[in-house]
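**Student:** Got run-v1.txt for you, compact mmCIF, C-alpha atoms and all ligand atoms:
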```
# COMPACT_ATOMS: atom_id res chain seq x y z
CA MET A 275 0.00 0.00 0.00
CA ILE A 276 2.88 2.37 0.79
CA GLU A 277 6.18 2.35 -1.00
CA VAL A 278 8.90 4.74 0.09
CA ARG A 279 11.94 5.00 -2.15
CA ASN A 280 15.19 6.73 -1.26
CA LEU A 281 13.58 9.38 0.89
CA THR A 282 15.76 12.20 2.19
CA LYS A 283 14.97 15.32 4.19
CA LEU A 284 17.62 17.92 4.95
CA TYR A 285 17.55 20.62 7.61
CA ASN A 286 20.30 23.19 7.29
CA GLY A 287 22.29 20.84 5.11
CA LYS A 288 22.07 17.99 7.61
CA ALA A 289 19.97 14.89 6.86
CA ALA A 290 17.12 14.36 9.35
CA VAL A 291 16.09 11.44 7.14
CA ASN A 292 18.80 9.91 5.00
CA ASN A 293 17.94 7.91 1.90
CA ILE A 294 15.46 5.48 3.46
CA SER A 295 13.28 2.97 1.62
CA PHE A 296 10.54 0.70 2.90
CA LYS A 297 7.20 -0.82 1.99
CA VAL A 298 4.09 -1.20 4.11
CA GLU A 299 1.54 -3.85 3.22
CA LYS A 300 -2.18 -3.23 3.24
CA GLY A 301 -3.62 -3.89 6.70
CA GLU A 302 -0.22 -3.84 8.33
CA MET A 303 0.81 -2.03 11.52
CA PHE A 304 4.26 -0.69 10.71
CA VAL A 305 6.14 0.90 13.59
CA LEU A 306 8.95 3.42 13.25
CA LEU A 307 11.04 2.96 16.38
CA GLY A 308 14.08 4.88 17.61
CA THR A 309 15.43 7.36 20.10
CA SER A 310 14.43 11.00 20.07
CA GLY A 311 15.70 12.92 17.05
CA CYS A 312 16.36 9.91 14.80
CA GLY A 313 13.89 11.10 12.13
CA LYS A 314 10.67 9.22 12.92
CA THR A 315 8.28 12.17 12.93
CA THR A 316 9.90 13.67 9.85
CA THR A 317 9.38 10.36 8.03
CA LEU A 318 5.76 10.11 9.15
CA LYS A 319 4.95 13.68 8.17
CA MET A 320 6.32 13.13 4.68
CA LEU A 321 3.71 10.38 4.22
CA ASN A 322 0.88 12.91 4.31
CA ARG A 323 2.91 15.82 2.97
CA LEU A 324 2.99 17.83 6.16
CA ILE A 325 6.67 17.87 5.22
CA GLU A 326 7.95 17.73 1.62
CA PRO A 327 11.05 15.56 1.06
CA ASP A 328 14.20 16.86 -0.59
CA GLU A 329 14.66 13.62 -2.44
CA GLY A 330 12.87 10.35 -3.03
CA THR A 331 9.40 9.14 -3.90
CA ILE A 332 6.39 7.99 -1.94
CA LEU A 333 3.76 5.85 -3.62
CA ILE A 334 0.44 5.13 -1.95
CA ASN A 335 -1.59 2.49 -3.75
CA GLY A 336 0.80 2.91 -6.65
CA GLU A 337 0.21 6.64 -6.94
CA ASN A 338 2.98 9.13 -6.42
CA ILE A 339 1.64 11.35 -3.63
CA LYS A 340 3.28 14.35 -5.24
CA SER A 341 0.72 14.12 -8.01
CA LEU A 342 -2.20 14.14 -5.55
CA GLN A 343 -3.76 17.25 -4.13
CA VAL A 344 -2.75 17.66 -0.51
CA GLU A 345 -6.37 17.90 0.65
CA GLN A 346 -7.28 14.73 -1.21
CA LEU A 347 -4.35 12.89 0.40
CA ARG A 348 -5.16 14.08 3.92
CA ARG A 349 -8.80 13.06 3.68
CA LYS A 350 -7.72 9.51 2.98
CA THR A 351 -5.31 9.59 5.89
CA GLY A 352 -6.11 9.73 9.60
CA TYR A 353 -3.49 11.44 11.72
CA VAL A 354 -3.10 11.08 15.48
CA ILE A 355 -0.46 12.91 17.49
CA GLN A 356 0.75 12.84 21.07
CA GLN A 357 -0.89 16.04 22.28
CA THR A 358 -3.96 14.94 20.30
CA GLY A 359 -4.09 18.23 18.36
CA LEU A 360 -7.73 18.65 19.33
CA PHE A 361 -9.22 22.09 18.74
CA PRO A 362 -9.64 23.59 22.23
CA HIS A 363 -12.67 25.69 21.32
CA TYR A 364 -14.51 22.81 19.70
CA THR A 365 -16.55 20.35 21.75
CA VAL A 366 -15.70 16.64 21.62
CA GLU A 367 -18.45 16.14 19.08
CA GLU A 368 -17.27 19.02 16.88
CA ASN A 369 -13.73 17.73 17.04
CA ILE A 370 -14.77 14.27 15.86
CA LYS A 371 -16.79 15.79 13.02
CA VAL A 372 -14.00 17.89 11.54
CA VAL A 373 -13.27 15.70 8.52
CA PRO A 374 -16.89 14.61 7.85
CA GLU A 375 -17.87 18.32 7.89
CA MET A 376 -15.15 19.01 5.36
CA LEU A 377 -16.48 16.20 3.21
CA GLY A 378 -20.00 17.62 3.43
CA TRP A 379 -21.68 14.66 5.13
CA GLN A 380 -25.35 14.96 6.07
CA ALA A 381 -25.99 16.02 9.68
CA ASN A 382 -27.74 12.82 10.71
CA VAL A 383 -25.01 10.64 9.20
CA MET A 384 -22.43 12.60 11.16
CA GLU A 385 -24.44 12.28 14.38
CA GLN A 386 -24.61 8.56 13.90
CA LYS A 387 -20.89 8.31 13.24
CA VAL A 388 -20.06 10.32 16.36
CA ASP A 389 -22.24 8.05 18.50
CA GLU A 390 -20.73 4.94 16.97
CA LEU A 391 -17.15 6.09 17.51
CA MET A 392 -17.74 7.32 21.05
CA ASP A 393 -19.26 3.99 21.86
CA LEU A 394 -16.39 2.13 20.24
CA LEU A 395 -13.78 4.13 22.12
CA LYS A 396 -15.68 3.90 25.40
CA LEU A 397 -16.39 7.60 25.71
CA PRO A 398 -19.65 8.32 27.57
CA SER A 399 -22.14 10.13 25.35
CA GLU A 400 -22.55 12.96 27.88
CA MET A 401 -19.03 13.95 26.93
CA LYS A 402 -20.12 15.10 23.47
CA LYS A 403 -20.70 18.67 24.61
CA GLN A 404 -17.55 18.93 26.69
CA TYR A 405 -14.34 20.68 25.71
CA PRO A 406 -10.91 19.00 25.48
CA ASP A 407 -9.54 20.70 28.62
CA GLU A 408 -12.39 19.17 30.64
CA LEU A 409 -11.19 15.65 29.81
CA SER A 410 -8.41 13.45 31.17
CA GLY A 411 -5.36 12.72 29.04
CA GLY A 412 -6.64 9.24 28.23
CA GLN A 413 -10.04 10.57 27.18
CA ARG A 414 -8.47 13.23 24.98
CA GLN A 415 -6.38 10.57 23.30
CA ARG A 416 -9.53 8.53 22.65
CA VAL A 417 -11.19 11.58 21.07
CA GLY A 418 -8.08 12.07 18.92
CA LEU A 419 -8.39 8.48 17.76
CA ALA A 420 -12.13 8.86 17.12
CA ARG A 421 -11.44 11.93 15.03
CA ALA A 422 -8.83 10.10 12.97
CA LEU A 423 -11.27 7.24 12.34
CA ALA A 424 -14.30 9.43 11.57
CA ALA A 425 -14.15 9.39 7.78
CA ASP A 426 -12.97 5.77 7.76
CA PRO A 427 -9.61 6.45 6.09
CA PRO A 428 -7.71 3.42 4.79
CA LEU A 429 -4.42 4.77 6.15
CA ILE A 430 -3.75 5.98 9.69
CA LEU A 431 -0.60 7.70 10.85
CA LEU A 432 0.09 7.80 14.57
CA ASP A 433 2.85 9.82 16.21
CA GLU A 434 3.50 8.65 19.79
CA PRO A 435 -0.27 8.39 20.33
CA PHE A 436 0.10 7.01 23.85
CA GLY A 437 3.19 8.99 24.77
CA ALA A 438 1.59 11.63 26.97
CA LEU A 439 -0.31 9.15 29.14
CA ASP A 440 0.60 7.76 32.54
CA PRO A 441 1.87 4.15 32.34
CA VAL A 442 -1.35 2.56 33.59
CA THR A 443 -3.64 4.44 31.18
CA ARG A 444 -1.16 3.86 28.40
CA GLN A 445 -1.16 0.07 28.90
CA HIS A 446 -4.90 0.03 29.10
CA LEU A 447 -5.41 2.03 25.91
CA GLN A 448 -2.78 -0.03 24.05
CA ASP A 449 -4.57 -3.23 25.05
CA GLU A 450 -7.89 -1.88 23.84
CA PHE A 451 -6.31 -0.51 20.71
CA VAL A 452 -5.07 -3.92 19.52
CA GLN A 453 -8.60 -5.26 19.91
CA LEU A 454 -10.44 -2.59 17.93
CA GLU A 455 -12.04 -4.45 15.02
CA ASN A 456 -12.25 -1.28 12.92
CA LEU A 457 -8.50 -0.99 13.02
CA LEU A 458 -7.72 -4.54 11.93
CA SER A 459 -8.23 -3.77 8.26
CA LYS A 460 -6.44 -0.41 8.36
CA THR A 461 -2.93 0.23 7.24
CA MET A 462 -1.16 2.03 10.04
CA VAL A 463 2.21 3.64 10.48
CA MET A 464 3.03 4.43 14.08
CA VAL A 465 5.95 6.30 15.59
CA THR A 466 7.25 5.44 19.05
CA HIS A 467 10.44 5.47 21.11
CA ASP A 468 8.97 2.85 23.46
CA VAL A 469 10.29 -0.64 22.67
CA GLY A 470 7.54 -2.34 24.68
CA GLU A 471 4.87 -0.50 22.74
CA ALA A 472 6.55 -1.35 19.43
CA VAL A 473 6.78 -5.04 20.26
CA LYS A 474 3.20 -5.14 21.49
CA LEU A 475 1.56 -3.37 18.57
CA ALA A 476 3.74 -3.87 15.49
CA ASP A 477 3.39 -6.36 12.69
CA ARG A 478 6.80 -5.11 11.64
CA ILE A 479 9.25 -2.76 13.31
CA CYS A 480 11.53 -0.36 11.46
CA LEU A 481 14.34 0.59 13.82
CA MET A 482 15.95 3.91 12.91
CA SER A 483 19.08 5.72 14.05
CA GLU A 484 20.38 9.10 12.87
CA GLY A 485 18.00 9.30 9.95
CA GLU A 486 18.73 5.83 8.66
CA ILE A 487 17.07 2.43 8.90
CA VAL A 488 19.13 -0.01 10.92
CA GLN A 489 16.83 -3.04 10.76
CA MET A 490 13.32 -3.87 9.62
CA GLY A 491 11.41 -6.98 10.57
CA THR A 492 9.08 -8.61 13.04
CA ALA A 493 9.72 -8.14 16.76
CA LYS A 494 11.03 -11.71 16.76
CA ASP A 495 13.51 -10.91 13.99
CA LEU A 496 14.90 -7.91 15.85
CA LEU A 497 15.01 -9.66 19.21
CA PHE A 498 16.52 -12.95 18.06
CA ASN A 499 18.38 -11.98 14.89
CA PRO A 500 19.70 -8.46 15.45
CA VAL A 501 21.90 -7.28 12.57
CA ASN A 502 24.34 -5.51 14.90
CA ASP A 503 25.08 -4.49 18.49
CA PHE A 504 23.00 -1.34 18.19
CA VAL A 505 19.86 -3.39 17.53
CA LYS A 506 20.74 -5.85 20.24
CA SER A 507 21.38 -3.22 22.90
CA PHE A 508 18.27 -1.28 21.92
CA PHE A 509 16.13 -4.07 23.36
CA ASP A 510 18.40 -5.16 26.20
CA SER A 511 16.82 -3.19 29.05
CA GLN A 512 13.57 -5.14 28.69
CA ARG A 513 14.82 -8.16 26.80
CA PHE A 514 13.53 -10.91 29.10
CA PHE A 515 10.02 -9.49 29.21
CA LEU A 516 9.94 -8.75 25.47
CA GLU A 517 11.18 -12.20 24.48
CA MET A 518 8.58 -13.85 26.69
CA SER A 519 5.89 -11.75 25.08
CA VAL A 520 6.81 -12.69 21.50
CA ILE A 521 7.56 -16.39 22.05
CA GLU A 522 4.48 -18.53 21.69
CA LEU A 523 4.09 -21.95 23.27
CA GLU A 524 4.49 -23.57 19.86
CA ASP A 525 8.00 -22.09 19.55
CA LEU A 526 9.09 -24.42 22.34
CA ALA A 527 7.75 -27.58 20.69
CA ASP A 528 11.16 -28.73 19.43
CA VAL A 529 12.54 -28.84 22.97
CA PHE A 530 10.07 -31.55 23.96
CA PRO A 531 10.04 -35.18 22.86
CA LYS A 532 7.82 -35.87 19.87
CA ASN A 533 6.14 -38.93 21.37
CA LEU A 534 3.65 -37.54 23.78
CA GLN A 535 4.10 -38.49 27.42
CA ILE A 536 1.27 -37.67 29.71
CA ASN A 537 1.86 -38.12 33.40
CA GLY A 538 -1.17 -40.04 34.62
CA THR A 539 -1.51 -38.54 38.08
CA ASP A 540 -1.51 -34.80 37.36
CA PRO A 541 -4.56 -32.92 36.05
CA LEU A 542 -4.49 -32.35 32.27
CA LYS A 543 -5.54 -29.17 30.53
CA PHE A 544 -5.65 -28.35 26.83
CA ILE A 545 -4.12 -25.04 25.86
CA SER A 546 -3.58 -23.25 22.55
CA SER A 547 -0.07 -23.30 21.11
CA GLU A 548 -0.52 -19.67 20.00
CA ILE A 549 -0.55 -18.28 23.53
CA PRO A 550 2.45 -16.05 24.24
CA LEU A 551 4.73 -17.49 26.89
CA LEU A 552 4.35 -14.39 29.03
CA HIS A 553 0.56 -14.73 29.23
CA PHE A 554 0.87 -18.38 29.98
CA LEU A 555 3.28 -17.79 32.86
CA GLU A 556 1.23 -14.90 34.24
CA ASN A 557 -1.98 -16.88 34.17
CA HIS A 558 -0.73 -19.99 35.93
CA ALA A 559 0.67 -20.07 39.43
CA GLU A 560 4.26 -21.14 39.89
CA LYS A 561 3.28 -24.18 41.95
CA ASP A 562 0.63 -25.31 39.46
CA LYS A 563 1.11 -29.05 38.85
CA THR A 564 -1.23 -29.21 35.85
CA GLN A 565 0.03 -30.95 32.73
CA PHE A 566 -0.69 -28.66 29.79
CA ALA A 567 -1.42 -30.36 26.50
CA VAL A 568 -0.34 -27.75 23.95
CA LYS A 569 -2.63 -27.96 20.97
CA ASN A 570 -2.17 -26.23 17.59
CA SER A 571 -4.89 -24.83 15.31
CA ASP A 572 -5.36 -28.26 13.69
CA SER A 573 -6.08 -29.69 17.15
CA HIS A 574 -2.83 -31.59 17.00
CA ILE A 575 -1.10 -31.91 20.37
CA LEU A 576 2.49 -30.67 20.04
CA TYR A 577 3.65 -31.52 23.52
CA SER A 578 2.53 -31.84 27.08
CA ALA A 579 4.36 -30.28 30.00
CA SER A 580 3.99 -28.56 33.34
CA ARG A 581 4.48 -24.83 33.85
CA ALA A 582 7.94 -25.46 35.31
CA GLU A 583 8.96 -27.61 32.33
CA ILE A 584 7.75 -24.98 29.89
CA LEU A 585 9.80 -22.27 31.60
CA GLU A 586 12.80 -24.60 31.62
CA ALA A 587 12.33 -25.18 27.88
CA TYR A 588 12.50 -21.43 27.27
CA TYR A 589 15.86 -21.22 29.08
CA GLN A 590 17.15 -24.25 27.25
CA LYS A 591 16.24 -22.94 23.81
CA PHE A 592 16.74 -19.19 24.10
CA LYS A 593 19.38 -18.59 26.77
N1 LIG B 1 11.75 22.06 11.38
C1 LIG B 1 13.00 21.64 11.69
N2 LIG B 1 14.06 22.44 11.52
C2 LIG B 1 15.31 22.00 11.79
N3 LIG B 1 15.59 20.77 12.23
C3 LIG B 1 14.57 19.91 12.42
C4 LIG B 1 13.22 20.30 12.16
N4 LIG B 1 12.41 19.26 12.44
C5 LIG B 1 13.21 18.27 12.86
N5 LIG B 1 14.51 18.66 12.85
C6 LIG B 1 15.66 17.83 13.23
O1 LIG B 1 15.60 16.63 12.49
C7 LIG B 1 15.94 15.51 13.29
C8 LIG B 1 14.83 14.49 13.29
O2 LIG B 1 13.68 15.03 13.95
P1 LIG B 1 12.35 14.19 14.19
O3 LIG B 1 11.95 13.56 12.91
O4 LIG B 1 11.37 15.09 14.82
O5 LIG B 1 12.84 13.08 15.20
P2 LIG B 1 12.01 12.03 16.08
O6 LIG B 1 10.57 12.14 15.72
O7 LIG B 1 12.61 10.72 15.74
O8 LIG B 1 12.27 12.40 17.50
C9 LIG B 1 16.28 16.06 14.66
O9 LIG B 1 17.68 16.23 14.74
C10 LIG B 1 15.59 17.40 14.69
O10 LIG B 1 16.26 18.29 15.52
MG MG B 2 8.94 12.64 16.98
```
Show me, as structure tokens, the structure contained in the file I just sent.
**Tutor:**
Amino acid sequence: MIEVRNLTKLYNGKAAVNNISFKVEKGEMFVLLGTSGCGKTTTLKMLNRLIEPDEGTILINGENIKSLQVEQLRRKTGYVIQQTGLFPHYTVEENIKVVPEMLGWQANVMEQKVDELMDLLKLPSEMKKQYPDELSGGQRQRVGLARALAADPPLILLDEPFGALDPVTRQHLQDEFVQLENLLSKTMVMVTHDVGEAVKLADRICLMSEGEIVQMGTAKDLLFNPVNDFVKSFFDSQRFFLEMSVIELEDLADVFPKNLQINGTDPLKFISSEIPLLHFLENHAEKDKTQFAVKNSDSHILYSASRAEILEAYYQKFK
């Protein structure tokens, strides 16, 4: 859906973004990750022409965005930023309606859309008439998201959308975000400096440094096959937790014997092989003696083991 070729942006002769190229598939969540100042926001803003590149090409659905009218491009693109960018003198409802108004939607259609989005994003309907400064940070961020979704754009750009929130609200909103059905079909490019957020939300991560791409791939690729020490050390502060969250029970199958051994005395429980190791460990007490029969999507049992044996298998394979 998006193809970026040899994109460069200079500020005062220095490259903020230096000759980068990448592709984003339709329906993908593509995350630009990196420390402050590495060129993430500049890259994102070039995708909807808030910033014009000095060199390179951007194709969206095969069309060079330079040949599109800026207004036309922005209507097809939702944009969410950290400080939400809500208009302070507009009510919540008016903020959500900004793009539909621009597109000349009928009043009742807009009403309906506002109700639907507020419901979806768990905003109480009484809030419609309130102003942004009467809301909490988390609520403002939800309104920002509702506004970006209002005209149902196929592409959504998000710049540190959860960055201004306290850790608890942030986690909560991230968890809800991954479950929003409306977003599953959208192509999204998100900027963050938070490795945990990137690993949690991304289909693919694009790790940047000093205006360049260092590595692109799934969280698993970057965690287990880093191309250099920079990539490795970028994840090191939270490595244990991040690895546990990307490893699924099926990834441990090769550690266990193929011929299934079920210990007759312990209780047996079937469990999906697609469960992340972290969730599995969190949801079962350390002393739990249950034998878990790990079953894949074809109902084939890959292995059977206790919680302790599963944790041991992780150490054996990955440490
Ligand atoms: N309008 C600007 N004028 C001059 N330098 C800029 C401007 N915008 C960004 N930069 C510089 O470009 C680099 C990349 O910025 P940015 O894309 O905002 O980084 P990030 O979003 O990764 O924190 C930084 O060194 C920043 O100081
Ligand atoms: Mg930024």
**Student:** From the set A:Met303, A:Ala567, A:Ala582, A:Thr466, which residue has the shortest atom-to-atom contact distance to ligand LIG 1 (chain B), counting all atoms listed in the file?
**Tutor:** A:Thr466
**Student:** Produce as a VMD selection string the set of residues near ligand MG 2 (chain B), where near means within 7 Å with all atoms listed in the file considered.
**Tutor:** chain A and resid 310 to 311 314 to 315 433
**Student:** Output the selection as a CSV table (one decimal), in the coordinates of the input - C-alpha atoms for each residue.
**Tutor:**
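Generated output (again-v7.csv):
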```csv
chain,number,residue,atom,x,y,z
A,310,SER,CA,14.4,11.0,20.1
A,311,GLY,CA,15.7,12.9,17.0
A,314,LYS,CA,10.7,9.2,12.9
A,315,THR,CA,8.3,12.2,12.9
A,433,ASP,CA,2.8,9.8,16.2
```
**Student:** Please, which residues have at least one atom within 12 Å of an atom of ligand LIG 1 (chain B), using all atoms listed in the file, listed as a PDB file with C-alpha atoms, keeping the file's coordinate frame?
**Tutor:**
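Result saved to selection-v6.pdb:
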```
ATOM      1  CA  THR A 282      15.760  12.200   2.190  1.00  0.00           C
ATOM      2  CA  LYS A 283      14.970  15.320   4.190  1.00  0.00           C
ATOM      3  CA  LEU A 284      17.620  17.920   4.950  1.00  0.00           C
ATOM      4  CA  TYR A 285      17.550  20.620   7.610  1.00  0.00           C
ATOM      5  CA  ASN A 286      20.300  23.190   7.290  1.00  0.00           C
ATOM      6  CA  GLY A 287      22.290  20.840   5.110  1.00  0.00           C
ATOM      7  CA  LYS A 288      22.070  17.990   7.610  1.00  0.00           C
ATOM      8  CA  ALA A 289      19.970  14.890   6.860  1.00  0.00           C
ATOM      9  CA  ALA A 290      17.120  14.360   9.350  1.00  0.00           C
ATOM     10  CA  VAL A 291      16.090  11.440   7.140  1.00  0.00           C
ATOM     11  CA  ASN A 292      18.800   9.910   5.000  1.00  0.00           C
ATOM     12  CA  VAL A 305       6.140   0.900  13.590  1.00  0.00           C
ATOM     13  CA  LEU A 306       8.950   3.420  13.250  1.00  0.00           C
ATOM     14  CA  LEU A 307      11.040   2.960  16.380  1.00  0.00           C
ATOM     15  CA  GLY A 308      14.080   4.880  17.610  1.00  0.00           C
ATOM     16  CA  THR A 309      15.430   7.360  20.100  1.00  0.00           C
ATOM     17  CA  SER A 310      14.430  11.000  20.070  1.00  0.00           C
ATOM     18  CA  GLY A 311      15.700  12.920  17.050  1.00  0.00           C
ATOM     19  CA  CYS A 312      16.360   9.910  14.800  1.00  0.00           C
ATOM     20  CA  GLY A 313      13.890  11.100  12.130  1.00  0.00           C
ATOM     21  CA  LYS A 314      10.670   9.220  12.920  1.00  0.00           C
ATOM     22  CA  THR A 315       8.280  12.170  12.930  1.00  0.00           C
ATOM     23  CA  THR A 316       9.900  13.670   9.850  1.00  0.00           C
ATOM     24  CA  THR A 317       9.380  10.360   8.030  1.00  0.00           C
ATOM     25  CA  LEU A 318       5.760  10.110   9.150  1.00  0.00           C
ATOM     26  CA  LYS A 319       4.950  13.680   8.170  1.00  0.00           C
ATOM     27  CA  MET A 320       6.320  13.130   4.680  1.00  0.00           C
ATOM     28  CA  LEU A 324       2.990  17.830   6.160  1.00  0.00           C
ATOM     29  CA  ILE A 325       6.670  17.870   5.220  1.00  0.00           C
ATOM     30  CA  GLU A 326       7.950  17.730   1.620  1.00  0.00           C
ATOM     31  CA  ILE A 355      -0.460  12.910  17.490  1.00  0.00           C
ATOM     32  CA  GLN A 356       0.750  12.840  21.070  1.00  0.00           C
ATOM     33  CA  LEU A 432       0.090   7.800  14.570  1.00  0.00           C
ATOM     34  CA  ASP A 433       2.850   9.820  16.210  1.00  0.00           C
ATOM     35  CA  GLU A 434       3.500   8.650  19.790  1.00  0.00           C
ATOM     36  CA  MET A 464       3.030   4.430  14.080  1.00  0.00           C
ATOM     37  CA  VAL A 465       5.950   6.300  15.590  1.00  0.00           C
ATOM     38  CA  THR A 466       7.250   5.440  19.050  1.00  0.00           C
ATOM     39  CA  HIS A 467      10.440   5.470  21.110  1.00  0.00           C
ATOM     40  CA  ASP A 468       8.970   2.850  23.460  1.00  0.00           C
ATOM     41  CA  CYS A 480      11.530  -0.360  11.460  1.00  0.00           C
ATOM     42  CA  LEU A 481      14.340   0.590  13.820  1.00  0.00           C
ATOM     43  CA  MET A 482      15.950   3.910  12.910  1.00  0.00           C
ATOM     44  CA  SER A 483      19.080   5.720  14.050  1.00  0.00           C
ATOM     45  CA  GLU A 484      20.380   9.100  12.870  1.00  0.00           C
ATOM     46  CA  GLY A 485      18.000   9.300   9.950  1.00  0.00           C
ATOM     47  CA  GLU A 486      18.730   5.830   8.660  1.00  0.00           C
ATOM     48  CA  ILE A 487      17.070   2.430   8.900  1.00  0.00           C
TER      49      ILE A 487
END
```
**Student:** What's the separation between atom CA of A:Ala425 and atom CA of A:Lys387, in Å to one decimal place?
**Tutor:**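 Those two atoms sit 8.7 Å apart.
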**Student:** Tell me, in Å to one decimal, how far atom CA of A:Lys402 is from atom CA of A:Thr461.
**Tutor:**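 It comes out at 27.9 Å.
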